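Just final.txt here, compact mmCIF, C-alpha atoms:
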```txt
# COMPACT_ATOMS: atom_id res chain seq x y z
CA MET D 14 -81.79 -0.68 6.80
CA ASP D 15 -79.69 -2.22 4.08
CA SER D 16 -79.02 -5.95 4.00
CA GLN D 17 -75.47 -5.66 5.37
CA THR D 18 -76.68 -3.62 8.36
CA ILE D 19 -79.44 -6.17 9.02
CA GLU D 20 -76.98 -9.05 8.83
CA THR D 21 -74.59 -7.27 11.21
CA PHE D 22 -77.44 -6.55 13.65
CA PHE D 23 -78.54 -10.19 13.71
CA GLU D 24 -75.02 -11.58 13.95
CA GLN D 25 -74.50 -9.44 17.06
CA TYR D 26 -77.96 -10.37 18.37
CA TYR D 27 -77.27 -14.10 18.03
CA ARG D 28 -73.82 -13.75 19.61
CA ASP D 29 -75.36 -11.95 22.57
CA TYR D 30 -78.36 -14.30 22.72
CA ASN D 31 -76.09 -17.36 22.81
CA GLN D 32 -74.07 -15.88 25.65
CA LEU D 33 -76.63 -13.96 27.69
CA SER D 34 -79.84 -16.00 27.44
CA GLN D 35 -78.36 -19.05 29.17
CA SER D 36 -78.47 -17.48 32.63
CA GLU D 37 -81.06 -15.62 34.66
CA ALA D 38 -78.24 -13.36 35.87
CA THR D 39 -77.50 -12.03 32.37
CA ILE D 40 -80.73 -12.35 30.37
CA ASP D 41 -81.86 -8.77 31.14
CA GLU D 42 -78.95 -7.53 29.02
CA LEU D 43 -80.93 -8.69 25.97
CA ASP D 44 -83.60 -6.04 26.67
CA THR D 45 -81.79 -3.70 24.25
CA TYR D 46 -82.79 -6.04 21.40
CA TRP D 47 -86.43 -6.61 22.35
CA THR D 48 -89.26 -4.11 22.77
CA SER D 49 -91.08 -4.29 26.12
CA ASP D 50 -94.24 -5.37 24.27
CA LEU D 51 -92.39 -8.15 22.40
CA LYS D 52 -94.67 -10.94 21.19
CA VAL D 53 -93.25 -14.40 20.50
CA ILE D 54 -95.22 -17.11 18.72
CA SER D 55 -93.50 -20.48 18.74
CA TYR D 56 -94.96 -23.03 16.35
CA THR D 57 -93.56 -25.88 18.41
CA PRO D 58 -95.42 -28.80 19.92
CA GLY D 59 -95.17 -27.88 23.58
CA PRO D 60 -94.81 -30.56 26.24
CA ASP D 61 -97.87 -29.08 27.92
CA GLY D 62 -100.00 -29.53 24.77
CA LYS D 63 -100.24 -25.85 23.84
CA TYR D 64 -99.85 -25.04 20.15
CA PRO D 65 -98.73 -22.56 19.19
CA GLN D 66 -97.00 -21.33 22.30
CA ILE D 67 -97.51 -17.57 22.67
CA TYR D 68 -95.55 -15.22 24.91
CA SER D 69 -97.23 -11.83 25.04
CA ASN D 70 -94.41 -9.65 26.38
CA ARG D 71 -90.67 -9.51 26.92
CA GLU D 72 -90.81 -10.50 30.61
CA GLN D 73 -92.90 -13.61 29.89
CA TRP D 74 -90.48 -14.60 27.09
CA LYS D 75 -87.49 -14.18 29.41
CA ARG D 76 -89.18 -16.30 32.11
CA PHE D 77 -89.72 -19.03 29.52
CA LEU D 78 -86.08 -18.86 28.40
CA ASN D 79 -84.90 -19.01 32.02
CA ILE D 80 -86.91 -22.21 32.52
CA LEU D 81 -85.79 -23.73 29.23
CA HIS D 82 -82.14 -22.88 29.70
CA SER D 83 -82.08 -24.30 33.22
CA PHE D 84 -82.11 -27.72 31.50
CA PHE D 85 -79.61 -27.17 28.66
CA ASP D 86 -77.66 -24.50 26.79
CA GLU D 87 -79.12 -23.46 23.44
CA ILE D 88 -76.90 -22.15 20.66
CA LEU D 89 -78.44 -20.50 17.60
CA GLU D 90 -76.26 -20.19 14.49
CA PRO D 91 -77.71 -18.01 11.70
CA GLN D 92 -77.37 -19.61 8.26
CA ASP D 93 -79.22 -17.24 5.93
CA TYR D 94 -81.16 -13.94 5.97
CA ILE D 95 -84.02 -12.69 3.84
CA GLN D 96 -85.28 -9.13 4.28
CA ALA D 97 -88.76 -7.93 3.34
CA GLU D 98 -89.26 -4.36 4.57
CA SER D 99 -89.19 -4.47 8.38
CA ARG D 100 -89.58 -8.26 8.53
CA ILE D 101 -86.49 -10.43 8.50
CA VAL D 102 -86.48 -14.19 7.95
CA VAL D 103 -83.50 -15.99 9.46
CA LYS D 104 -82.70 -19.66 8.94
CA VAL D 105 -80.87 -20.95 12.01
CA ARG D 106 -79.10 -24.08 13.14
CA ILE D 107 -80.19 -24.91 16.70
CA ILE D 108 -77.74 -26.78 18.89
CA ASN D 109 -78.69 -27.96 22.37
CA ARG D 110 -75.78 -28.74 24.66
CA GLN D 111 -75.64 -30.37 28.05
CA LYS D 112 -75.78 -27.56 30.61
CA GLY D 113 -72.31 -26.08 31.11
CA SER D 114 -70.74 -28.51 28.63
CA SER D 115 -69.87 -28.70 24.95
CA LYS D 116 -71.62 -32.10 24.64
CA VAL D 117 -74.35 -31.85 21.96
CA ILE D 118 -77.63 -33.47 23.05
CA GLY D 119 -79.86 -32.30 20.20
CA GLU D 120 -79.64 -30.44 16.92
CA THR D 121 -82.13 -29.22 14.33
CA GLU D 122 -82.82 -26.29 12.04
CA GLY D 123 -85.43 -23.62 12.30
CA VAL D 124 -86.67 -20.35 10.92
CA GLY D 125 -87.31 -17.15 12.82
CA ILE D 126 -89.43 -14.38 11.34
CA TYR D 127 -88.59 -11.12 13.07
CA GLN D 128 -90.55 -7.88 13.02
CA LEU D 129 -88.28 -4.90 13.59
CA ASP D 130 -89.39 -1.58 15.05
CA TYR D 131 -87.15 1.46 14.96
CA ARG D 132 -87.22 3.24 18.28
CA GLU D 133 -84.79 5.99 19.22
CA GLY D 134 -83.02 5.52 15.89
CA LYS D 135 -82.10 1.87 16.37
CA PRO D 136 -83.82 -1.40 15.52
CA GLN D 137 -85.55 -3.50 18.15
CA ILE D 138 -87.36 -6.79 17.71
CA SER D 139 -91.10 -6.43 18.41
CA GLN D 140 -92.29 -9.86 17.26
CA ILE D 141 -90.74 -13.26 16.64
CA GLU D 142 -92.40 -16.22 14.94
CA ILE D 143 -90.44 -19.43 15.44
CA TYR D 144 -90.67 -22.56 13.28
CA PHE D 145 -88.58 -25.68 13.93
CA GLY D 146 -87.39 -28.45 11.65
CA ASP D 147 -87.53 -31.88 13.27
CA PRO D 148 -89.48 -31.44 16.55
CA ARG D 149 -88.24 -34.81 17.79
CA GLN D 150 -84.81 -33.22 18.14
CA LEU D 151 -86.28 -30.65 20.53
CA ARG D 152 -87.31 -33.38 22.97
CA LYS D 153 -83.85 -34.93 23.29
CA PRO D 154 -82.80 -32.75 26.25
CA PHE D 155 -85.86 -34.05 28.13
CA ARG D 156 -85.30 -37.78 27.46
CA SER D 157 -85.86 -38.73 31.06
CA VAL D 158 -89.51 -38.58 32.07
CA GLY D 159 -88.54 -36.77 35.27
CA LYS D 160 -86.97 -33.87 33.35
CA LEU D 161 -89.99 -33.57 31.07
CA VAL D 162 -92.44 -33.57 33.99
CA LYS D 163 -90.37 -30.93 35.80
CA PHE D 164 -90.25 -28.79 32.63
CA VAL D 165 -94.03 -28.97 32.15
CA ARG D 166 -94.65 -28.03 35.79
CA MET D 167 -92.32 -25.06 35.48
CA LEU D 168 -94.10 -23.91 32.30
CA ARG D 169 -97.40 -23.85 34.12
CA THR D 170 -96.04 -21.06 36.31
CA LEU D 171 -95.84 -18.65 33.35
```
Let me see whether you can do it: turn the structure in this file into structure tokens.
Amino acid sequence: MDSQTIETFFEQYYRDYNQLSQSEATIDELDTYWTSDLKVISYTPGPDGKYPQIYSNREQWKRFLNILHSFFDEILEPQDYIQAESRIVVKVRIINRQKGSSKVIGETEGVGIYQLDYREGKPQISQIEIYFGDPRQLRKPFRSVGKLVKFVRMLRTL
């Protein structure tokens, strides 16, 4: 794929992710972007102490997103793309908003490294490695101890 096609693919992916990943009712619509054997490695200090956090398939990743997005809305804004064969590096601005509101409660930058597979003539994401800028910003949505405890308990169900 040429760089313009890659950029167009990811712009549409992020638009759909920002809209569809916020709700359990719509998250399955993202399946067209992810292979069923999707692997996600998040180099983020997890509230449960796991590092890195690894999600070994698409369903486990969607369960995690459903839990995460029950606390706040997450908006990812792509800033830059670098392509190296079937791996794409995307620098993103990450904005966390109060659930159902435009009020920003946390903001940072990150990098996603995406592995693309071409199945049935179209690209699908088979692996994502996620790196975040300031991890303190990621904790802002969980400022109250009660929210953090609830989040950790929900993660243990994965």
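Closest to D:Ser99 among D:Leu129, D:Ile67, D:Ile143, D:Ile54 is D:Leu129, based on only C-alpha atoms.
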Expected answer as a PyMOL selection string: all residues with atoms within 10 Å of (-83.7, -12.9, 4.1), all atoms listed in the file: chain D and resi 16+19-20+93-97+100-104+126
Centre, edges in Å (one decimal): axis-aligned box, stretch 76-82 of chain D, 6 Å padding on all six sides, as JSON:
```
{"center_x": -85.9, "center_y": -20.0, "center_z": 30.5, "size_x": 19.6, "size_y": 19.4, "size_z": 16.1}
```
Two-atom distance - atom CA of D:Glu72, atom CA of D:Trp47 (Å): 10.1 Å
Closest of D:Gln111, D:Tyr46, D:Leu89, D:Ser34 to D:Arg76 - atom-to-atom distances counting all atoms listed in the file: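 So, comparing all the options, the nearest one is D:Ser34.
One finds atom CA of D:Gln128 at 24.5 Å from atom CA of D:Ile80.
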Length of the atom CA of D:Gly62 to atom CA of D:Leu81 vector [Å]: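 Atom-to-atom, atom CA of D:Gly62 and atom CA of D:Leu81 are spaced 16.0 Å apart.
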Contacts of D:Gly113 at 8 Å (all atoms listed in the file; same-chain gap of 3+ positions) as a list in words: Phe85, Asp86 and Arg110 of chain D
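Of the residues under consideration (D:Arg106, D:Lys63, D:His82, D:Lys116), D:His82 shows the shortest atom-to-atom contact distance to D:Ile40 when counting only C-alpha atoms.
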Please complete stretch 66-101 of chain D with N, CA and C atoms and give it back as a PDB file, in the frame of the given file.
```
ATOM      1  N   GLN D  66     -97.315 -21.926  21.013  1.00  0.00           N
ATOM      2  CA  GLN D  66     -97.000 -21.330  22.300  1.00  0.00           C
ATOM      3  C   GLN D  66     -96.847 -19.818  22.073  1.00  0.00           C
ATOM      4  N   ILE D  67     -97.537 -19.018  22.863  1.00  0.00           N
ATOM      5  CA  ILE D  67     -97.510 -17.570  22.670  1.00  0.00           C
ATOM      6  C   ILE D  67     -97.051 -16.905  23.957  1.00  0.00           C
ATOM      7  N   TYR D  68     -96.081 -16.012  23.800  1.00  0.00           N
ATOM      8  CA  TYR D  68     -95.550 -15.220  24.910  1.00  0.00           C
ATOM      9  C   TYR D  68     -95.860 -13.765  24.570  1.00  0.00           C
ATOM     10  N   SER D  69     -96.641 -13.114  25.421  1.00  0.00           N
ATOM     11  CA  SER D  69     -97.230 -11.830  25.040  1.00  0.00           C
ATOM     12  C   SER D  69     -96.399 -10.606  25.420  1.00  0.00           C
ATOM     13  N   ASN D  70     -95.278 -10.796  26.093  1.00  0.00           N
ATOM     14  CA  ASN D  70     -94.410  -9.650  26.380  1.00  0.00           C
ATOM     15  C   ASN D  70     -92.991 -10.133  26.679  1.00  0.00           C
ATOM     16  N   ARG D  71     -92.085  -9.200  26.738  1.00  0.00           N
ATOM     17  CA  ARG D  71     -90.670  -9.510  26.920  1.00  0.00           C
ATOM     18  C   ARG D  71     -90.405 -10.251  28.224  1.00  0.00           C
ATOM     19  N   GLU D  72     -91.056  -9.859  29.304  1.00  0.00           N
ATOM     20  CA  GLU D  72     -90.810 -10.500  30.610  1.00  0.00           C
ATOM     21  C   GLU D  72     -91.268 -11.956  30.598  1.00  0.00           C
ATOM     22  N   GLN D  73     -92.408 -12.231  29.977  1.00  0.00           N
ATOM     23  CA  GLN D  73     -92.900 -13.610  29.890  1.00  0.00           C
ATOM     24  C   GLN D  73     -91.950 -14.458  29.042  1.00  0.00           C
ATOM     25  N   TRP D  74     -91.439 -13.894  27.943  1.00  0.00           N
ATOM     26  CA  TRP D  74     -90.480 -14.600  27.090  1.00  0.00           C
ATOM     27  C   TRP D  74     -89.196 -14.904  27.859  1.00  0.00           C
ATOM     28  N   LYS D  75     -88.714 -13.958  28.630  1.00  0.00           N
ATOM     29  CA  LYS D  75     -87.490 -14.180  29.410  1.00  0.00           C
ATOM     30  C   LYS D  75     -87.710 -15.237  30.489  1.00  0.00           C
ATOM     31  N   ARG D  76     -88.883 -15.251  31.116  1.00  0.00           N
ATOM     32  CA  ARG D  76     -89.180 -16.300  32.110  1.00  0.00           C
ATOM     33  C   ARG D  76     -89.152 -17.679  31.452  1.00  0.00           C
ATOM     34  N   PHE D  77     -89.757 -17.768  30.247  1.00  0.00           N
ATOM     35  CA  PHE D  77     -89.720 -19.030  29.520  1.00  0.00           C
ATOM     36  C   PHE D  77     -88.275 -19.448  29.217  1.00  0.00           C
ATOM     37  N   LEU D  78     -87.473 -18.532  28.718  1.00  0.00           N
ATOM     38  CA  LEU D  78     -86.080 -18.860  28.400  1.00  0.00           C
ATOM     39  C   LEU D  78     -85.306 -19.278  29.647  1.00  0.00           C
ATOM     40  N   ASN D  79     -85.570 -18.618  30.775  1.00  0.00           N
ATOM     41  CA  ASN D  79     -84.900 -19.010  32.020  1.00  0.00           C
ATOM     42  C   ASN D  79     -85.237 -20.455  32.399  1.00  0.00           C
ATOM     43  N   ILE D  80     -86.501 -20.831  32.225  1.00  0.00           N
ATOM     44  CA  ILE D  80     -86.910 -22.210  32.520  1.00  0.00           C
ATOM     45  C   ILE D  80     -86.240 -23.163  31.533  1.00  0.00           C
ATOM     46  N   LEU D  81     -86.359 -22.868  30.259  1.00  0.00           N
ATOM     47  CA  LEU D  81     -85.790 -23.730  29.230  1.00  0.00           C
ATOM     48  C   LEU D  81     -84.292 -23.920  29.412  1.00  0.00           C
ATOM     49  N   HIS D  82     -83.597 -22.824  29.628  1.00  0.00           N
ATOM     50  CA  HIS D  82     -82.140 -22.880  29.700  1.00  0.00           C
ATOM     51  C   HIS D  82     -81.628 -23.346  31.062  1.00  0.00           C
ATOM     52  N   SER D  83     -82.527 -23.664  31.981  1.00  0.00           N
ATOM     53  CA  SER D  83     -82.080 -24.300  33.220  1.00  0.00           C
ATOM     54  C   SER D  83     -81.810 -25.794  32.976  1.00  0.00           C
ATOM     55  N   PHE D  84     -82.289 -26.315  31.844  1.00  0.00           N
ATOM     56  CA  PHE D  84     -82.110 -27.720  31.500  1.00  0.00           C
ATOM     57  C   PHE D  84     -80.929 -27.952  30.550  1.00  0.00           C
ATOM     58  N   PHE D  85     -80.680 -27.013  29.653  1.00  0.00           N
ATOM     59  CA  PHE D  85     -79.610 -27.170  28.660  1.00  0.00           C
ATOM     60  C   PHE D  85     -79.236 -25.792  28.120  1.00  0.00           C
ATOM     61  N   ASP D  86     -78.078 -25.715  27.478  1.00  0.00           N
ATOM     62  CA  ASP D  86     -77.660 -24.500  26.790  1.00  0.00           C
ATOM     63  C   ASP D  86     -78.104 -24.603  25.336  1.00  0.00           C
ATOM     64  N   GLU D  87     -78.620 -23.501  24.816  1.00  0.00           N
ATOM     65  CA  GLU D  87     -79.120 -23.460  23.440  1.00  0.00           C
ATOM     66  C   GLU D  87     -78.245 -22.493  22.644  1.00  0.00           C
ATOM     67  N   ILE D  88     -77.722 -22.971  21.538  1.00  0.00           N
ATOM     68  CA  ILE D  88     -76.900 -22.150  20.660  1.00  0.00           C
ATOM     69  C   ILE D  88     -77.620 -22.008  19.330  1.00  0.00           C
ATOM     70  N   LEU D  89     -77.800 -20.771  18.879  1.00  0.00           N
ATOM     71  CA  LEU D  89     -78.440 -20.500  17.600  1.00  0.00           C
ATOM     72  C   LEU D  89     -77.381 -19.961  16.642  1.00  0.00           C
ATOM     73  N   GLU D  90     -77.235 -20.614  15.497  1.00  0.00           N
ATOM     74  CA  GLU D  90     -76.260 -20.190  14.490  1.00  0.00           C
ATOM     75  C   GLU D  90     -77.010 -19.766  13.230  1.00  0.00           C
ATOM     76  N   PRO D  91     -77.013 -18.459  12.906  1.00  0.00           N
ATOM     77  CA  PRO D  91     -77.710 -18.010  11.700  1.00  0.00           C
ATOM     78  C   PRO D  91     -77.036 -18.564  10.446  1.00  0.00           C
ATOM     79  N   GLN D  92     -77.856 -19.020   9.509  1.00  0.00           N
ATOM     80  CA  GLN D  92     -77.370 -19.610   8.260  1.00  0.00           C
ATOM     81  C   GLN D  92     -77.669 -18.736   7.047  1.00  0.00           C
ATOM     82  N   ASP D  93     -78.810 -18.036   7.086  1.00  0.00           N
ATOM     83  CA  ASP D  93     -79.220 -17.240   5.930  1.00  0.00           C
ATOM     84  C   ASP D  93     -80.222 -16.182   6.385  1.00  0.00           C
ATOM     85  N   TYR D  94     -80.261 -15.056   5.661  1.00  0.00           N
ATOM     86  CA  TYR D  94     -81.160 -13.940   5.970  1.00  0.00           C
ATOM     87  C   TYR D  94     -81.930 -13.550   4.713  1.00  0.00           C
ATOM     88  N   ILE D  95     -83.210 -13.245   4.910  1.00  0.00           N
ATOM     89  CA  ILE D  95     -84.020 -12.690   3.840  1.00  0.00           C
ATOM     90  C   ILE D  95     -84.758 -11.499   4.426  1.00  0.00           C
ATOM     91  N   GLN D  96     -84.651 -10.353   3.781  1.00  0.00           N
ATOM     92  CA  GLN D  96     -85.280  -9.130   4.280  1.00  0.00           C
ATOM     93  C   GLN D  96     -86.455  -8.754   3.393  1.00  0.00           C
ATOM     94  N   ALA D  97     -87.577  -8.436   4.029  1.00  0.00           N
ATOM     95  CA  ALA D  97     -88.760  -7.930   3.340  1.00  0.00           C
ATOM     96  C   ALA D  97     -89.299  -6.777   4.168  1.00  0.00           C
ATOM     97  N   GLU D  98     -88.905  -5.565   3.809  1.00  0.00           N
ATOM     98  CA  GLU D  98     -89.260  -4.360   4.570  1.00  0.00           C
ATOM     99  C   GLU D  98     -88.728  -4.472   5.995  1.00  0.00           C
ATOM    100  N   SER D  99     -89.629  -4.409   6.981  1.00  0.00           N
ATOM    101  CA  SER D  99     -89.190  -4.470   8.380  1.00  0.00           C
ATOM    102  C   SER D  99     -89.278  -5.882   8.952  1.00  0.00           C
ATOM    103  N   ARG D 100     -89.546  -6.857   8.091  1.00  0.00           N
ATOM    104  CA  ARG D 100     -89.580  -8.260   8.530  1.00  0.00           C
ATOM    105  C   ARG D 100     -88.342  -8.967   7.980  1.00  0.00           C
ATOM    106  N   ILE D 101     -87.714  -9.721   8.854  1.00  0.00           N
ATOM    107  CA  ILE D 101     -86.490 -10.430   8.500  1.00  0.00           C
ATOM    108  C   ILE D 101     -86.712 -11.909   8.770  1.00  0.00           C
TER     109      ILE D 101
END
```
